[in-house]
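Below you'll find the structure, written out as structure tokens, and then a few comments.
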Amino acid sequence: MIPGLITSDSIRPAKLALEDGTVVTGIAVGHEGETGGELCFNTSMSGYQEILTDPSYHGQIMMMTYPHIGNYGAMDIDTEAAGPMVAGLVVRQFTFRYSNQIADESLESFMRRHRLVGISGVDTRRLVLHIREKGVMNAVISSVDLDDASLVAKAKDWPSMDGLELASRVTTGSAYDFSSGDGARIAVYDFGVKQNILRSFRDRACTVRVFPASTPLAEVLAWSPDGLFFSNGPGDPRAMPATIATVRDAAATGLPMFGICLGHQLMALSQGLDVYKMYVGHRGANHPVQFLETGRVEVTTQNHGFAVDPKSLGGDAAELTHTNLNDSTVEGLRFKQFAGFSVQYHPEASPGPHDSQYLFDRFLELVRDVRGVESKPYVLPVR
Amino acid sequence: MPKRTDIHKILLIGSGPIIIGQACEFDYSGSQAARALRKEGYEVVLVNSNPATIMTDPVTADKIYLQELTPASIKEIVEKEQPDAVLPTMGGQTALNLADKLHQEGYWEKKGIHVIGVDIDAIHITEDRQLFRDLMERVGLDQAASRTAKSLLEAKEIAQELGGLPVVIRPSFTLGGTGGGIVWRQEDFDRKVMRGLELSPVHQVLIEECLFGWKEYELELLRDANDNVIIICSIENLDPMGVHTGDSVTVAPAQTLTDKQYQRMRDAAIRAMRSIGTFAGGCNIQFAFDPATARMIVIEINPRVSRSSALASKATGYPIAKVAARLAVGYTLDELRNEVTGTTSACFEPALDYVVTKIPRFNFDKFEGVDEELTTQMKAVGEVMAIGRTFPESLQKAWQSLENGYAGLGADRDEVFRKEVRERLVKPYWDRTLQIRNAFKMGASVDEVADVTKVDPWFLYQIQDIVRMEEEIRQRPLSRWDEAFMRSVKQYGFSDYQVAYLVPDPTTENDIRLFRQSLGVNPSYQVVDTCAGEFPAQTPYFYSTYETQTESSRSDREKIVILGSGPNRIGQGIEFDYSCVHGVLAAKEAGYEAIMINCNPETVSTDFDVADKLYFEPVFWEHVLNVCEHEKPMGVIVQLGGQTALKLARRFDDAGIPILGTSYDHMDLAEDRGRFSSLLRDMEIPYPPFGLARTVAEAVETAERIGYPLLVRPNYVLGGQGMRIAINKEEVEKYVNQIWKLLPDNPILLDLFLENAMELDVDVVRDGEDVWIAGIMQHIEPAGVHSGDSTAVLPPYNLPEEVLTTVRHYVVEIANKLDIIGLMNVQLVVKEGFVYVIEANPRASRTVPFVAKATGIPVTNIATRVILGEKLKDFRARGELESKLVGFAIKEPVFSWDKFPEVPKELGPEMKSTGEAIAFIDELTDDHFATAYAIRNLYLSR
């Protein structure tokens with residue numbers, strides 16, 4: 001407990017327990033209660049609200065490496081989904097008193113409103129180094145049970161993410177129209193799609209309809225899309241055989257296809273490539289990715305714990321288009337059997353740099369070439 | 001693209017003498033660039049007139065020209081060296097302007113020399129207000145709204161359009177912006193517009209939207225030949241627009257922007273950088289940001305390595321200058337590795353998991369009558385940087401680093417008066433963060449302080465938290481402290497000294513230290529790793545905080561700690577960093593693990609690959625002792641870091657940590673003017689008559705006994721601080737009171753001032769038995785002008801041999817008597833053939849780098865090796881003590897008077913110069929000597 005943190009109205013102790021027996025004490029932030037999930041960390045220095053509301057993080061406890069979190073409060077325009085998607089939040093020094101003239105509320109109030117459990121005042125750097133050495137593991141945060149042994153037991157019992165299908169938990173319940181425009185009609189398979197992906201299509205004058213993850217292909221085709229998009233999302237793609245089959249069938253339609261993150265992995269799996277779980281995933285907004293076609297480097301937002309196995313490339317399924325400059329992981333593929341490509345990282349950013357926005361334009365060029373429908377190129381606003 | 005093979009020899013232009021606004025950060029960038037280019041196999045030819053730089057050392061470049069930076073001298077070097085390329089982006093605006101000038105002449109083109117690292121055709125755009133504005137508009141970036149008025153009526157209309165006052169008035173085409181400025185009141189508006197219309201040769205004034213109170217940001221960028229751009233660091237100024245960024249308290253990374261706002265700024269920065277031509281290298285872009293509307297305006301672009309890049313390099317661990325130099329020779333970012341992790345790419349944007357605070361250091365006390373208000377004209381002479389896990393911790397550590405007597409953000413002395421706080425808070429002054437703290441201490445609200453200062457409330461909340469913590473400490477007797485409470489106090493950056501002052505129990509700093517340790521609360525050391533812990537890091541670059549795991553493991557090697565020289569000030573500048581770096585290198589050569597402690601981000605010593613281990617920490621006793629307790633060095637070297645390091649000698653001695661070189665007691669003997677003069681008396685060495693005084697009456701009585709004019713100064717002198725020449729009783733009273741205001745509890749020393757005397761500076765090295773006189777310098781100006789402000793000539797130019805024999809004799813005697821091991825500097829005056837000793841400094845002096853450059857002997861390297869046990873006779877036997885000087889070397893002081901137009905230009909016993917240049921001459925008829933000699937008496941005052 002940090003008695004020095006007198007900025008909170010009432011200080012409540014909280015604990016974070018890892019499945020390997022590590023327990024740390026801090027103060028509770030947000031909702032009073034208990035939560036569990038895979039503990040992962042993100043190195044972005046801004047954009048906490050986008051991260052907390054990113055459906056790809058569903059079920060994970062997010063530890064932010066930047067110490068001050070909550071500085072500019074919370075606001076509607078920074079959400080990527082209806083509410084928080086992470087299972088919990090771990091920070092070094094939570095900001096209770098924010099400063100931002102355009103914010104709606106404090107992060108604390110946002111978390112309470114959405115019943116998101118968090119802990120502050122813990123040595124996050126030590127935990128980051130710990131996970132880096134030992135690999136990702138499950139953890140529990142609690143402000144109601146402060147017994148170390150009991151918390152460690154709960155963390156141990158928490159179901160592993162390995163082999164877990166989670167997209168069905170975050171996908172939309174029914175299909176909805178997101179935008180309508182003069183450009184291409186884009187059908188989005190929602191495995192936990194980030195709002196900014198939809199906004200990126202909307203900004204290019206696309207008509208966008210979002211479909212539940214389990215929608216049969218025929219139903220999507222009945223909407224007569226010009227292109228198919230497979231979204232990001234949480235969980236192990238290898239646990240989604242039905243979806244993989246749908247993607248395979250979609251490839252046969254000849255419609256241009258684009259996938260991001262989980263969508264990328266599903267597209268790879270549908271073409272017989274392999275996917276593996278990483279020791280420590282990539283989560284941050286500073287990963288360098290090289291576009292092999294131009295040699296140009298994009299600073300990218302990443303959030304993934306699975307990746308396409310480069311050893312499975314080389315056949316006639318796909319060609320490597322993007323690679324990670326840090327560890328040479330597969331970052332992008334162009335498929336050989338159909339008009340489509342996919343990336344492991346997040347060109348929609350939010351949070352993070354806008355270097356990869358061109359991929360949306362590329363996809364819409366592909367749609368134009370195949371379908372003859374013109375969309376609007378997008379220019380980043382800088383004023 | 002791999003590196004260019006069409007170029008082999010590169011000319012690197014330095015930044016010249018240190019002036020306000022262009023300081024030792026360019027030694028850091030220049031030496032980093034030179035080392036990187038040499039490593040790539042290029043031959044580096046370097047030109048700089050500043051002798052006190054590492055970049056001008058043989059360790060840095062292949063060919064070094066210690067010459068003035070003028071087009072003529074550059075041409076001379078080019079003719080001789082025939083370089084293939086010139087890199088002008090590492091030497092500040094001086095180098096860039098010089099390169100631009102020669103480009104305008106068509107010189108580079110004529111010679112077939114490639115200008116690398118910058119688009120030479122585009123740089124003038126960044127210096128021309130209108131061209132810059134037009135360019136930014138053209139690429140779609142916002143600019144402050146403005147319109148030109150030809151009459152008062154028109155001006156009034158425009159002002160109304162802009163939303164009323166305040167507005168900025170800029171008369172068109174007046175020299176240096178004469179007649180311009182912010183207008184707050186209607187009555188001033190009419191007057192200033194009319195004056196502006198009159199002053200302008202075309203009778204026009206520009207009425208511009210005033211950005212006062214907007215937030216200010218800086219981004220540091222790198223760009224390669226393949227047009228990849230990365231942002232190394234975002235920096236947020238705590239001081240809003242209106243204060244020069246060099247004078248602002250700045251924080252990295254940006255704290256109060258949402259990601260969407262930050263990314264918009266990033267996009268704008270990239271677009272702006274790409275608009276200023278095609279080049280590969282570094283760039284700094286400044287933005288103004290309106291918190292109310294989220295409007296964002298590009299204010300300035302520096303297409304070169306800057307002071308902020310040095311800060312950004314130290315703040316993130318990313319070696320900007322080194323990488324920029326490699327990009328300039330053709331590498332692309334994806335081809336370079338991140339040297340910190342060793343395994344990941346250099347093409348990325350560093351992620352911080354700590355907060356960095358920079359506070360500028362000022363020297364207003366040196367300039368009587370100076371206007372201390374901070375404006376858009378830079379006035380700071382140096383800066384400190386501190387790293388903490390949180391902003392409160394880094395802010396307090398930065399205050400501990402400033403070395404102006406504070407043990408943190410206040411909370412270490414009596415409170416000031418409410419009236420003073422109110423007055424200080426209204427305008428930006430150097431101590432603004434402290435005054436904000438004082439305001440909260442007196443019960444002001446965040447809204448009130450935000451309204452007055454325009455500082456973003458986030459920072460104010462954080463400072464208010466520090467004050468709340470302070471209140472908590474005040475109310476809690478030590479009997480109620482536990483481990484958790486102590487840890488959170490330390491996490492808020494409070495020093496043991498502050499805690500001792502605040503707790504209700506009577507206690508001392510040292511008792512608090514022991515109590516803290518008994519609670520098991522010790523600092524942890526974390527790596528500055530560029531990646532927030534995501535990847536293992538290779539670099540031994542650390543900062544302290546109070547986390548639960550230390551990442552700096554102690555090796556088995558024998559260690560030596562070298563104390564750095566802290567923030568640059570007048571009298572304590574780059575010369576000492578020069579000595580520290582050589583001390584580190586010599587200790588490494590001698591096989592020791594060299595550990596550096598310093599807090600000045602502009603320096604070479606804080607480059608992570610200079611020492612074996614770098615602790616970026618305040619040179620403040622608690623932090624220094626913590627490092628020593630963690631590393632357990634064989635000893636510490638305090639004699640290289642100037643007064644900053646030397647001041648801690650007593651405490652090392654008390655703590656039982658061995659001081660390598662001259663012992664504490666002998667150093668004290670030299671430093672205590674009273675003890676030293678008695679020593680001279682015993683040795684029968686003449687010195688000016690003197691007396692000590694503890695009261696004003698005593699001072700006057702002593703003065704009357706000694707006679708006038710006399711020197712009035714505090715007993716322990718810091719670079720001539722507070723020193724004055726008094727010619728009567730009234731002045732003695734006045735100066736004594738002035739000194740006590742600045743340095744209370746310090747006895748006053750009064751010496752007879754020897755008028756029309758000749759002053760000498762002597763640097764020596766002693767190994768315990770043998771003394772080596774490294775150099776004797778004769779001043780051109782008469783005694784009374786501070787040695788740092790004098791033009792000095794090596795060797796002496798008009799002293800008879802018998803006088804020099806006496807000088808040598810005295811200096812050797814003193815060195816022996818003080819049992820000097822290592823360096824000592826002695827100042828003497830010669831009057832009518834008699835030699836008097838004024839003072840002895842048992843440490844590396846300001847003139848050591850000059851002597852080294854003049855004679856070609858690595859003086860500090862030799863001194864350090866002597867400290868570590870080598871003997872002078874061996875150096876002598878190898879011929880390593882032989883001077884290579886032909887003719888004379890002249891050290892010319894350089895001043896920054898233009899920054900303080902309200903201060904009269906006069907010289908006295910208090911040092912005022914900010915930098916120096918070296919010139920080599922064959923004959924005394926040379927202008928470098930003759931001019932200085934002709935005007936030698938002109939500026940002496942008091």
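All residue names refer to the structure tokens as shown: chains lettered A, B, ... in order, residues numbered from 1 in each chain, ligands numbered from 1 in order.
If we count only C-alpha atoms, these residues of chain B sit within 6 Å of chain A: Leu141, Asp142, Thr256, Asp259, Gln263, Arg264, Ala268, Thr344, Ser345, Phe348, Glu349, Asp353, Pro457, Trp458 and Ser488 of chain B.
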Open item on the list: With DSSP run on the backbone, what are the helix (DSSP H, G or I) residues within segment 77-304 of chain A? I'd like them as a ChimeraX atom specification.
Closed with: /A:77-78,107-113,124-134,148-157,167-170,195-202,217-222,237-239,241-251,262-270
- [ ] Could you pull out the residues in segment 83-176 of chain A that DSSP calls strand (DSSP E or B) from the backbone, as JSON, numbers by chain?
- [x] {"A": [88, 89, 90, 93, 94, 105, 117, 118, 119, 120, 137, 138, 139, 140, 141, 142, 165, 176]}
TODO: Skip Leu69 of chain B itself and residues of its chain fewer than 5 positions away, then list as a count of residues only all residues within 8 Å of it, counting only C-alpha atoms.
DONE: 6
TODO: Work out how far apart atom CA of Glu839 of chain B and atom CA of Ile18 of chain B are and give it in Å to one decimal.
DONE: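 Distance reported for this atom pair: 26.0 Å.
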Open item on the list: Just the number, please: distance in Å from atom CA of Phe652 of chain B to atom CA of Thr606 of chain B, one decimal.
Closed with: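 That distance, rounded to one decimal, is 22.3 Å.
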